[in-house]
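Beneath this line is the structure, given in structure tokens, with notes to follow.
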Amino acid sequence: MESRLLARLTAYTPGEQPRDKKYIKLNTNENPYPPCPKIQKKKINAEDFRLYPDPDCRVLKEALADTLRVPPSHIFTGNGSDEVLSFAFAAFFDADNGPVLFPEVTYSFYPVYCRFYGLPFRETAVNNDLSIDFSSFTESKADAGVIFPNPNAPTGIAVDRKTIRRILTARPKDRIVIIDEAYIDFGGESAVELTGEFENLLITGTFSKSRSLAGLRLGYAVGNPKLIQSLEKVKNSFNSYTVNRFTQECAVDALRDIGYFEKRRDEVIRTRERIADELRKRGWDVLPSLANFLFAAHPTLPGEAVYRRLKDEGILVRYFDLPKTRNRVRISVGTPEEMKVFLRTVDGWNNDVSQLR
Ligand SMILES: Cc1ncc(COP(=O)(O)O)c(C=O)c1O
């Protein structure tokens, strides 16, 4: 029954959402805080649900355009940035041009999209400190285009706009560069302003992290209107109404409450820095993160043991079983209270670490 396409695929594995007991969830980089007060108090206008939503998300695009300081025609919206990314893979990469390039340590959905669309890909080496080695992108002789997150996931390591400009300047103008800015609001430098200058640059973003709206599913892309029209063409070849009414409304509320956004963002950043310090004091190796998570190695235990032990004790984190990442776990930044429990839990292991190896 299964098509040949499907038989070839290995699907992405999302972070677990178990229901067997109540966990402290530090495994999917959700925001630990609720969305802004206006959304919390929102009344559902169920009568309107009989009507399709605006397929062009006009009001939402105007609000996003205001926030990002670009014209609305430079914005695409979709059902989570995963959908926007998948549309971008369909729209801009061609197998005939060579492999899609992305770092060997990065968001694990990229190879899944490549396989889905039959695109060859090359995972480029990262440096010893797990930062991206951009020379593979700037010195590549033939490829279909590049994609990388900034900050990268699961490392949290970010690059500045100067570096991005250097990459774009060195790259061929007829090959797309996609920068996945899912975590940019937690301290990174956005490259959105470069989209006016580089017509081959597409930035994607999400409301799932800094806007606390993972459950509503909203992602977007920013780029030259020609790129945006290509994304619209893909969307209208699948499903014209990818962003529902309620999401469109709530997203506008989230964008307008700048004070709340900044307050929560700053809280996450403060907690991240404090927990990174605390873990380093305890001998963990913690990568410098500008995201809402830390990628950290316990002084003696491999990532899987840390993950299992934490899960047994009611805390979920994520580990990635690959050669360069299996000594670490990715810990999403929770509330100060959640992180206190996390630290107390790992402190409790000091006496019996030998039994865990
Ligand atoms: C790097 C990166 N990009 C994109 C996404 C997808 O975000 P969403 O589909 O919730 O917008 C994630 C989610 O964790 C991510 O880590």
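Within each chain, counting starts at residue 1; across the structure tokens, chains are named A, B, ... in the order shown, with ligands numbered 1 upward in that order.
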Shell of 6 Å around range 167-180 of chain A, only C-alpha atoms, local chain residues under 5 positions omitted, as a count of residues only: 11
Selection within 7 Å of ligand 1 by only C-alpha atoms and all ligand atoms, output as a PyMOL selection string: chain A and resi 28-29+80-83+107+149+152-153+180+182+205-208+214+217-219
Name all residues at most 8 Å from range 329-339 of chain A (count only C-alpha atoms; drop same-chain ones fewer than 6 positions away) and give them as an MDAnalysis selection string. chainID A and resid 24:33 154:155 268 271:272 275 292:297 303:304 306:307 317:320
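Minimum distance to Phe49 in chain A across A:Val105, A:Tyr113, A:Phe246, A:Val341 (counting only C-alpha atoms) occurs at A:Phe246.
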Spatial neighbours of Thr345 in chain A, 8 Å, only C-alpha atoms, chain gap at least 4 places, as a list in words: Leu310, Glu313, Val341 and Trp349 of chain A
Store the residues of this selection in a file with N, CA and C atoms, as a PDB file, in the first residue's frame.
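Output file out-v4.pdb is given in full below:
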```
ATOM      1  N   LEU A 310      17.241  11.796  34.822  1.00  0.00           N
ATOM      2  CA  LEU A 310      16.345  12.942  35.015  1.00  0.00           C
ATOM      3  C   LEU A 310      14.896  12.530  34.781  1.00  0.00           C
ATOM      4  N   GLU A 313      13.370  10.882  37.551  1.00  0.00           N
ATOM      5  CA  GLU A 313      13.082  11.798  38.649  1.00  0.00           C
ATOM      6  C   GLU A 313      12.104  12.906  38.246  1.00  0.00           C
ATOM      7  N   VAL A 341      14.432  22.973  40.944  1.00  0.00           N
ATOM      8  CA  VAL A 341      14.215  21.525  41.106  1.00  0.00           C
ATOM      9  C   VAL A 341      15.252  20.761  40.259  1.00  0.00           C
ATOM     10  N   TRP A 349      22.764  13.683  42.831  1.00  0.00           N
ATOM     11  CA  TRP A 349      23.479  12.539  42.256  1.00  0.00           C
ATOM     12  C   TRP A 349      24.914  12.445  42.742  1.00  0.00           C
TER      13      TRP A 349
END
```
Of the candidates A:Ala90, A:Leu68, A:Ala125, A:Cys114, which shows the shortest atom-to-atom distance to Arg8 in chain A, using only C-alpha atoms? A:Cys114
Write down as an MDAnalysis selection string the residues belonging to range 148-255 of chain A that are assigned alpha helix (DSSP H) by DSSP computed on the backbone. chainID A and resid 161:170 225:238 245:255
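Atom pair CA of Asp129 in chain A / CA of Val286 in chain A has a distance of 10.6 Å (rounded to one decimal).
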For Asp48 in chain A, work out the shell of residues within 12 Å, counting only C-alpha atoms and skipping chain neighbours fewer than 3 positions away, then give it as a list in words. Ile44, Asn45, Leu51, Tyr52, Pro53, Asp54, Asn244, Arg245 and Phe246 of chain A
Using the chain letters and numbers from this document, which residues of range 51-212 of chain A does DSSP assign to strand (DSSP E or B), as a ChimeraX atom specification? /A:75-78,100-103,121-124,126,132,145-149,176-180,201-206
